[in-house]
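*Asks:* This is the content of final_8.pdb (PDB, C-alpha atoms, pLDDT in the B column):
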ATOM      1  CA  MET F   1     -20.783  20.953   5.970  1.00 44.00           C
ATOM      2  CA  LYS F   2     -21.039  21.404   9.740  1.00 47.00           C
ATOM      3  CA  ILE F   3     -20.131  17.753  10.258  1.00 51.00           C
ATOM      4  CA  GLN F   4     -16.962  18.125   8.183  1.00 49.00           C
ATOM      5  CA  THR F   5     -15.945  21.207  10.174  1.00 46.00           C
ATOM      6  CA  LEU F   6     -16.620  19.374  13.422  1.00 46.00           C
ATOM      7  CA  VAL F   7     -14.655  16.305  12.309  1.00 47.00           C
ATOM      8  CA  LEU F   8     -11.745  18.477  11.149  1.00 46.00           C
ATOM      9  CA  SER F   9     -11.573  20.369  14.427  1.00 48.00           C
ATOM     10  CA  ILE F  10     -11.808  17.160  16.464  1.00 51.00           C
ATOM     11  CA  ALA F  11      -9.145  15.521  14.305  1.00 47.00           C
ATOM     12  CA  ALA F  12      -6.758  18.450  14.594  1.00 48.00           C
ATOM     13  CA  SER F  13      -7.340  18.749  18.336  1.00 49.00           C
ATOM     14  CA  ALA F  14      -6.844  15.040  18.919  1.00 48.00           C
ATOM     15  CA  SER F  15      -3.712  14.991  16.802  1.00 46.00           C
ATOM     16  CA  LEU F  16      -2.135  17.985  18.473  1.00 46.00           C
ATOM     17  CA  GLY F  17      -3.313  16.886  21.911  1.00 47.00           C
ATOM     18  CA  ALA F  18      -1.792  13.443  21.443  1.00 46.00           C
ATOM     19  CA  CYS F  19       1.456  15.014  20.287  1.00 46.00           C
ATOM     20  CA  ALA F  20       1.637  17.289  23.306  1.00 44.00           C
ATOM     21  CA  THR F  21       0.870  14.364  25.601  1.00 44.00           C
ATOM     22  CA  PHE F  22       3.701  12.209  24.319  1.00 46.00           C
ATOM     23  CA  SER F  23       6.315  14.887  23.712  1.00 47.00           C
ATOM     24  CA  PRO F  24       6.261  17.958  25.953  1.00 50.00           C
ATOM     25  CA  ASP F  25       9.272  19.472  24.147  1.00 50.00           C
ATOM     26  CA  MET F  26       7.492  19.545  20.788  1.00 54.00           C
ATOM     27  CA  THR F  27       8.048  22.668  18.749  1.00 61.00           C
ATOM     28  CA  ALA F  28       5.332  24.696  17.072  1.00 61.00           C
ATOM     29  CA  GLU F  29       6.795  23.579  13.733  1.00 63.00           C
ATOM     30  CA  THR F  30       6.319  19.903  14.625  1.00 59.00           C
ATOM     31  CA  ALA F  31       2.742  20.533  15.797  1.00 59.00           C
ATOM     32  CA  SER F  32       2.099  22.376  12.560  1.00 67.00           C
ATOM     33  CA  LYS F  33       3.421  19.399  10.566  1.00 64.00           C
ATOM     34  CA  GLY F  34       1.044  17.074  12.428  1.00 66.00           C
ATOM     35  CA  ALA F  35      -1.916  19.356  11.797  1.00 72.00           C
ATOM     36  CA  GLU F  36      -0.900  19.676   8.132  1.00 74.00           C
ATOM     37  CA  GLN F  37      -0.719  15.883   7.800  1.00 71.00           C
ATOM     38  CA  VAL F  38      -4.232  15.589   9.249  1.00 73.00           C
ATOM     39  CA  SER F  39      -5.676  18.273   6.983  1.00 73.00           C
ATOM     40  CA  THR F  40      -3.977  16.736   3.933  1.00 77.00           C
ATOM     41  CA  GLY F  41      -5.284  13.244   4.701  1.00 72.00           C
ATOM     42  CA  LEU F  42      -8.754  14.290   5.828  1.00 73.00           C
ATOM     43  CA  PRO F  43     -10.407  14.309   2.378  1.00 72.00           C
ATOM     44  CA  SER F  44      -9.228  10.753   1.795  1.00 70.00           C
ATOM     45  CA  ALA F  45     -10.500   9.638   5.200  1.00 71.00           C
ATOM     46  CA  LEU F  46     -13.875  11.290   4.607  1.00 67.00           C
ATOM     47  CA  GLN F  47     -14.330   9.610   1.213  1.00 73.00           C
ATOM     48  CA  ALA F  48     -13.946   6.111   2.705  1.00 71.00           C
ATOM     49  CA  PRO F  49     -17.735   5.468   2.581  1.00 71.00           C
ATOM     50  CA  LEU F  50     -17.701   6.319  -1.129  1.00 71.00           C
ATOM     51  CA  GLU F  51     -14.990   3.698  -1.626  1.00 72.00           C
ATOM     52  CA  ASP F  52     -17.113   1.179   0.290  1.00 70.00           C
ATOM     53  CA  LEU F  53     -20.009   1.883  -2.078  1.00 72.00           C
ATOM     54  CA  ASN F  54     -17.612   1.566  -5.048  1.00 70.00           C
ATOM     55  CA  ILE F  55     -18.442   5.092  -6.179  1.00 77.00           C
ATOM     56  CA  VAL F  56     -14.813   6.215  -5.808  1.00 78.00           C
ATOM     57  CA  ARG F  57     -12.037   3.793  -6.742  1.00 84.00           C
ATOM     58  CA  GLN F  58      -8.330   3.950  -6.091  1.00 84.00           C
ATOM     59  CA  GLU F  59      -6.636   3.874  -9.473  1.00 91.00           C
ATOM     60  CA  ILE F  60      -3.894   1.279  -9.911  1.00 94.00           C
ATOM     61  CA  PRO F  61      -0.804   2.877 -11.491  1.00 95.00           C
ATOM     62  CA  ALA F  62       0.251   1.444 -14.858  1.00 96.00           C
ATOM     63  CA  VAL F  63       3.650   0.370 -13.518  1.00 97.00           C
ATOM     64  CA  LEU F  64       1.911  -1.845 -10.933  1.00 97.00           C
ATOM     65  CA  ASN F  65      -0.392  -3.364 -13.564  1.00 97.00           C
ATOM     66  CA  GLU F  66       2.737  -4.159 -15.600  1.00 97.00           C
ATOM     67  CA  ALA F  67       4.268  -5.775 -12.502  1.00 97.00           C
ATOM     68  CA  VAL F  68       1.175  -7.945 -12.063  1.00 96.00           C
ATOM     69  CA  ALA F  69       1.431  -9.115 -15.680  1.00 97.00           C
ATOM     70  CA  ALA F  70       5.182  -9.856 -15.626  1.00 96.00           C
ATOM     71  CA  PRO F  71       6.896  -9.369 -12.250  1.00 95.00           C
ATOM     72  CA  TYR F  72      10.108 -11.109 -13.327  1.00 96.00           C
ATOM     73  CA  SER F  73      10.466  -9.744 -16.841  1.00 95.00           C
ATOM     74  CA  VAL F  74      13.977  -8.648 -17.810  1.00 94.00           C
ATOM     75  CA  ALA F  75      12.962  -7.228 -21.186  1.00 94.00           C
ATOM     76  CA  GLY F  76      14.722  -3.905 -21.654  1.00 93.00           C
ATOM     77  CA  MET F  77      16.661  -4.259 -18.399  1.00 94.00           C
ATOM     78  CA  GLY F  78      20.102  -4.831 -19.916  1.00 93.00           C
ATOM     79  CA  ARG F  79      21.646  -1.611 -18.612  1.00 96.00           C
ATOM     80  CA  CYS F  80      21.878  -0.137 -15.124  1.00 96.00           C
ATOM     81  CA  ALA F  81      20.199   3.077 -16.304  1.00 96.00           C
ATOM     82  CA  SER F  82      17.096   1.219 -17.480  1.00 96.00           C
ATOM     83  CA  ILE F  83      16.924  -0.738 -14.211  1.00 97.00           C
ATOM     84  CA  ALA F  84      17.231   2.506 -12.214  1.00 96.00           C
ATOM     85  CA  ALA F  85      14.505   4.146 -14.326  1.00 96.00           C
ATOM     86  CA  GLU F  86      12.105   1.243 -13.750  1.00 97.00           C
ATOM     87  CA  ILE F  87      12.858   1.262 -10.012  1.00 96.00           C
ATOM     88  CA  ALA F  88      12.176   5.022  -9.963  1.00 96.00           C
ATOM     89  CA  ARG F  89       8.757   4.392 -11.551  1.00 96.00           C
ATOM     90  CA  LEU F  90       8.031   1.754  -8.920  1.00 96.00           C
ATOM     91  CA  ASP F  91       9.227   4.063  -6.123  1.00 95.00           C
ATOM     92  CA  GLU F  92       6.837   6.736  -7.373  1.00 95.00           C
ATOM     93  CA  ALA F  93       3.902   4.309  -7.151  1.00 95.00           C
ATOM     94  CA  LEU F  94       4.916   2.484  -3.964  1.00 94.00           C
ATOM     95  CA  GLY F  95       6.889   5.035  -1.988  1.00 91.00           C
ATOM     96  CA  PRO F  96      10.536   4.642  -1.024  1.00 89.00           C
ATOM     97  CA  ASP F  97      12.116   1.230  -0.579  1.00 89.00           C
ATOM     98  CA  LEU F  98      13.327   0.074   2.831  1.00 85.00           C
ATOM     99  CA  ASP F  99      16.957   0.751   1.920  1.00 82.00           C
ATOM    100  CA  ALA F 100      16.282   4.341   0.809  1.00 75.00           C
ATOM    101  CA  GLY F 101      17.120   5.956   4.161  1.00 65.00           C
ATOM    102  CA  GLN F 102      14.086   7.730   5.539  1.00 56.00           C
ATOM    103  CA  GLY F 103      16.180  10.642   6.839  1.00 56.00           C
ATOM    104  CA  GLU F 104      16.770  11.764  10.358  1.00 58.00           C
ATOM    105  CA  GLU F 105      13.376  12.461  11.858  1.00 63.00           C
ATOM    106  CA  SER F 106      13.166  13.706  15.444  1.00 65.00           C
ATOM    107  CA  THR F 107      11.193  11.789  18.030  1.00 70.00           C
ATOM    108  CA  SER F 108       8.623  14.570  18.282  1.00 69.00           C
ATOM    109  CA  ASP F 109       8.163  14.521  14.473  1.00 69.00           C
ATOM    110  CA  GLN F 110       7.656  10.741  14.630  1.00 70.00           C
ATOM    111  CA  VAL F 111       5.114  11.136  17.441  1.00 74.00           C
ATOM    112  CA  ALA F 112       3.304  13.859  15.481  1.00 76.00           C
ATOM    113  CA  GLY F 113       3.127  11.521  12.464  1.00 75.00           C
ATOM    114  CA  VAL F 114       1.804   8.631  14.547  1.00 80.00           C
ATOM    115  CA  ALA F 115      -0.787  10.880  16.201  1.00 80.00           C
ATOM    116  CA  ALA F 116      -1.901  12.261  12.840  1.00 79.00           C
ATOM    117  CA  ASP F 117      -2.213   8.735  11.417  1.00 77.00           C
ATOM    118  CA  ALA F 118      -4.237   7.644  14.464  1.00 85.00           C
ATOM    119  CA  THR F 119      -6.500  10.664  14.083  1.00 81.00           C
ATOM    120  CA  LEU F 120      -7.110   9.943  10.402  1.00 76.00           C
ATOM    121  CA  ASP F 121      -7.806   6.279  11.203  1.00 78.00           C
ATOM    122  CA  ALA F 122     -10.359   7.368  13.822  1.00 82.00           C
ATOM    123  CA  VAL F 123     -12.062   9.687  11.329  1.00 77.00           C
ATOM    124  CA  ARG F 124     -12.087   6.951   8.666  1.00 72.00           C
ATOM    125  CA  ASP F 125     -13.541   4.438  11.146  1.00 78.00           C
ATOM    126  CA  THR F 126     -16.182   6.918  12.299  1.00 79.00           C
ATOM    127  CA  VAL F 127     -17.453   7.755   8.819  1.00 70.00           C
ATOM    128  CA  THR F 128     -17.491   4.115   7.700  1.00 71.00           C
ATOM    129  CA  ASP F 129     -19.435   3.054  10.808  1.00 75.00           C
ATOM    130  CA  PHE F 130     -22.522   4.693   9.285  1.00 70.00           C
ATOM    131  CA  ILE F 131     -22.763   1.942   6.649  1.00 75.00           C
ATOM    132  CA  PRO F 132     -24.796  -0.983   7.990  1.00 79.00           C
ATOM    133  CA  ALA F 133     -23.464  -4.424   7.088  1.00 80.00           C
ATOM    134  CA  ARG F 134     -20.381  -2.757   5.617  1.00 73.00           C
ATOM    135  CA  SER F 135     -18.583  -5.967   4.620  1.00 80.00           C
ATOM    136  CA  TRP F 136     -21.623  -7.141   2.656  1.00 83.00           C
ATOM    137  CA  VAL F 137     -22.029  -3.760   1.003  1.00 83.00           C
ATOM    138  CA  ARG F 138     -18.356  -3.869  -0.038  1.00 78.00           C
ATOM    139  CA  ARG F 139     -18.803  -7.338  -1.526  1.00 86.00           C
ATOM    140  CA  LEU F 140     -22.042  -6.523  -3.330  1.00 87.00           C
ATOM    141  CA  THR F 141     -20.716  -3.287  -4.839  1.00 85.00           C
ATOM    142  CA  GLY F 142     -17.417  -4.809  -5.978  1.00 86.00           C
ATOM    143  CA  ALA F 143     -15.340  -2.602  -3.655  1.00 82.00           C
ATOM    144  CA  HIS F 144     -13.901  -5.648  -1.873  1.00 87.00           C
ATOM    145  CA  GLN F 145     -12.710  -7.214  -5.134  1.00 92.00           C
ATOM    146  CA  HIS F 146     -11.156  -3.922  -6.251  1.00 90.00           C
ATOM    147  CA  SER F 147      -9.409  -3.554  -2.896  1.00 89.00           C
ATOM    148  CA  GLN F 148      -7.951  -7.061  -3.335  1.00 94.00           C
ATOM    149  CA  ALA F 149      -6.776  -6.143  -6.849  1.00 94.00           C
ATOM    150  CA  VAL F 150      -5.039  -3.025  -5.473  1.00 93.00           C
ATOM    151  CA  GLN F 151      -3.331  -5.092  -2.779  1.00 95.00           C
ATOM    152  CA  ALA F 152      -2.205  -7.697  -5.326  1.00 96.00           C
ATOM    153  CA  ALA F 153      -0.788  -4.937  -7.553  1.00 97.00           C
ATOM    154  CA  VAL F 154       1.150  -3.465  -4.630  1.00 96.00           C
ATOM    155  CA  ARG F 155       2.573  -6.900  -3.744  1.00 97.00           C
ATOM    156  CA  ALA F 156       3.587  -7.480  -7.369  1.00 97.00           C
ATOM    157  CA  GLY F 157       5.230  -4.042  -7.501  1.00 97.00           C
ATOM    158  CA  LEU F 158       7.188  -4.750  -4.328  1.00 97.00           C
ATOM    159  CA  GLN F 159       8.338  -8.103  -5.719  1.00 97.00           C
ATOM    160  CA  ARG F 160       9.332  -6.530  -9.035  1.00 97.00           C
ATOM    161  CA  ARG F 161      11.343  -3.793  -7.333  1.00 96.00           C
ATOM    162  CA  SER F 162      13.183  -6.372  -5.228  1.00 95.00           C
ATOM    163  CA  PHE F 163      13.800  -8.540  -8.279  1.00 97.00           C
ATOM    164  CA  LEU F 164      15.168  -5.605 -10.264  1.00 97.00           C
ATOM    165  CA  LYS F 165      17.481  -4.611  -7.420  1.00 95.00           C
ATOM    166  CA  GLY F 166      18.790  -8.180  -7.415  1.00 94.00           C
ATOM    167  CA  ILE F 167      19.416  -7.963 -11.161  1.00 96.00           C
ATOM    168  CA  GLY F 168      21.149  -4.621 -10.599  1.00 95.00           C
ATOM    169  CA  GLN F 169      23.290  -6.134  -7.872  1.00 93.00           C
ATOM    170  CA  GLN F 170      24.259  -8.990 -10.188  1.00 93.00           C
ATOM    171  CA  LYS F 171      25.269  -6.425 -12.860  1.00 93.00           C
ATOM    172  CA  ASN F 172      27.233  -4.410 -10.261  1.00 93.00           C
ATOM    173  CA  CYS F 173      24.998  -1.328 -10.684  1.00 94.00           C
ATOM    174  CA  ALA F 174      25.012   1.604  -8.290  1.00 92.00           C
ATOM    175  CA  PRO F 175      21.943   2.375  -6.177  1.00 91.00           C
ATOM    176  CA  PRO F 176      19.051   2.815  -6.784  1.00 91.00           C
ATOM    177  CA  ALA F 177      19.483   0.100  -9.441  1.00 90.00           C
ATOM    178  CA  ALA F 178      20.904  -2.104  -6.658  1.00 91.00           C
ATOM    179  CA  PRO F 179      20.354  -2.173  -2.888  1.00 91.00           C
ATOM    180  CA  ALA F 180      21.757   0.826  -1.019  1.00 86.00           C
ATOM    181  CA  GLY F 181      24.780   0.144   1.140  1.00 77.00           C
ATOM    182  CA  LEU F 182      25.970  -2.574  -1.208  1.00 67.00           C
ATOM    183  CA  ARG F 183      29.705  -2.696  -1.718  1.00 64.00           C
ATOM    184  CA  ARG F 184      30.397  -2.707  -5.418  1.00 60.00           C
ATOM    185  CA  ARG F 185      33.040  -5.011  -6.836  1.00 59.00           C
TER     186      ARG F 185
END
What would the structure in this file look like if it were written as structure tokens?

*Replies:*
Amino acid sequence: MKIQTLVLSIAASASLGACATFSPDMTAETASKGAEQVSTGLPSALQAPLEDLNIVRQEIPAVLNEAVAAPYSVAGMGRCASIAAEIARLDEALGPDLDAGQGEESTSDQVAGVAADATLDAVRDTVTDFIPARSWVRRLTGAHQHSQAVQAAVRAGLQRRSFLKGIGQQKNCAPPAAPAGLRRR
């Protein structure tokens, strides 16, 4: 437990220190957001060795498995509402699409996010460095194959979402069933 406390304090310090280095006008709220992002992502970063040993597996959402099976299926996609509903399911699994407007985020908030991500990457790299011959362990335990399956499912989901937005555009649907910023006929 002492190691986890040490890693958490180092991660939070590095994150906040990096933020202060890059943006001297950072508010306490922004620093708090960076620290919150680190503490939220820390359990995932610390379980990376368990993923390498294939003890913990990232579950592939059903909507992505469906996309792998039939990325260009139009079954049940005759109406704009059904296209929008399917895109919403994909957005939930994949995160927002590029055209979804990420909002106005201040530079200091962006820096805090980058610093928090870098901190979590450092923690993840540190805890996975304890596994000797990590790439072989991943292959022997099946973790590598599962990781490839997750990546393939994400790619299929991205393709399906793009395809559905094209269908929505063809049907003159409003966003999110079509790309945002599209001028409707």

*Asks:* Apply the PyMOL selection byres ((chain F and resi 128) around 10) to the file shown and report the selected residues as a list in words.

*Replies:*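 The output of the PyMOL selection byres ((chain F and resi 128) around 10) on this file is Ala45, Leu46, Gln47, Ala48, Pro49, Leu50, Glu51, Asp52, Ala122, Val123, Arg124, Asp125, Thr126, Val127, Asp129, Phe130, Ile131, Pro132 and Arg134 of chain F.
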
*Asks:* Please evaluate the PyMOL selection byres ((chain F and resi 151) around 12) against the displayed coordinates and give the resulting residues as a list in words.

*Replies:*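 On this input, the PyMOL selection byres ((chain F and resi 151) around 12) captures Gln58, Glu59, Ile60, Leu64, Asn65, Val68, Leu94, His144, Gln145, His146, Ser147, Gln148, Ala149, Val150, Ala152, Ala153, Val154, Arg155, Ala156, Gly157 and Leu158 of chain F.
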
*Asks:* Given the file above and the PyMOL selection byres ((chain F and resi 162) around 10), which residues are selected, and can you give them as a ChimeraX atom specification?

*Replies:* /F:71-72,87,97,156-161,163-168,177-179

*Asks:* Quote the spacing between atom CA of F:Thr40 and atom CA of F:Leu120 in Å to one decimal place.

*Replies:*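 Atom-to-atom, atom CA of F:Thr40 and atom CA of F:Leu120 are spaced 9.9 Å apart.
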
*Asks:* Quick check, in Å to one decimal: how far apart do atom CA of F:Ala174 and atom CA of F:Val63 lie?

*Replies:*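 Computing it gives 22.0 Å between the two atoms.
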
*Asks:* What is the distance between atom CA of F:Ser135 and atom CA of F:Val38, in Å to one decimal?

*Replies:* 26.3 Å

*Asks:* Just want the 8 Å neighbourhood of F:Thr141, counted on all atoms listed in the file, with same-chain residues fewer than 2 positions away dropped. Output as a list in words.

*Replies:*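 Result of the neighbour search: Asp52, Leu53, Asn54, Val137, Arg138, Arg139, Ala143 and His144 of chain F.
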
*Asks:* Counting only C-alpha atoms, which of F:Ala116, F:Gly142, F:Ala81, F:Val111 gets nearest to F:Pro175?

*Replies:*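 Of F:Ala116, F:Gly142, F:Ala81, F:Val111, the one nearest F:Pro175, counting only C-alpha atoms, is F:Ala81.
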
*Asks:* Could you put an axis-aligned box around every listed atom of stretch 83-95 of chain F, padded by 4 Å on each side, and send me its centre and edge lengths in Å to one decimal, as lines of an AutoDock Vina configuration file?

*Replies:*
center_x = 10.6
center_y = 3.0
center_z = -8.2
size_x = 21.3
size_y = 15.5
size_z = 20.3
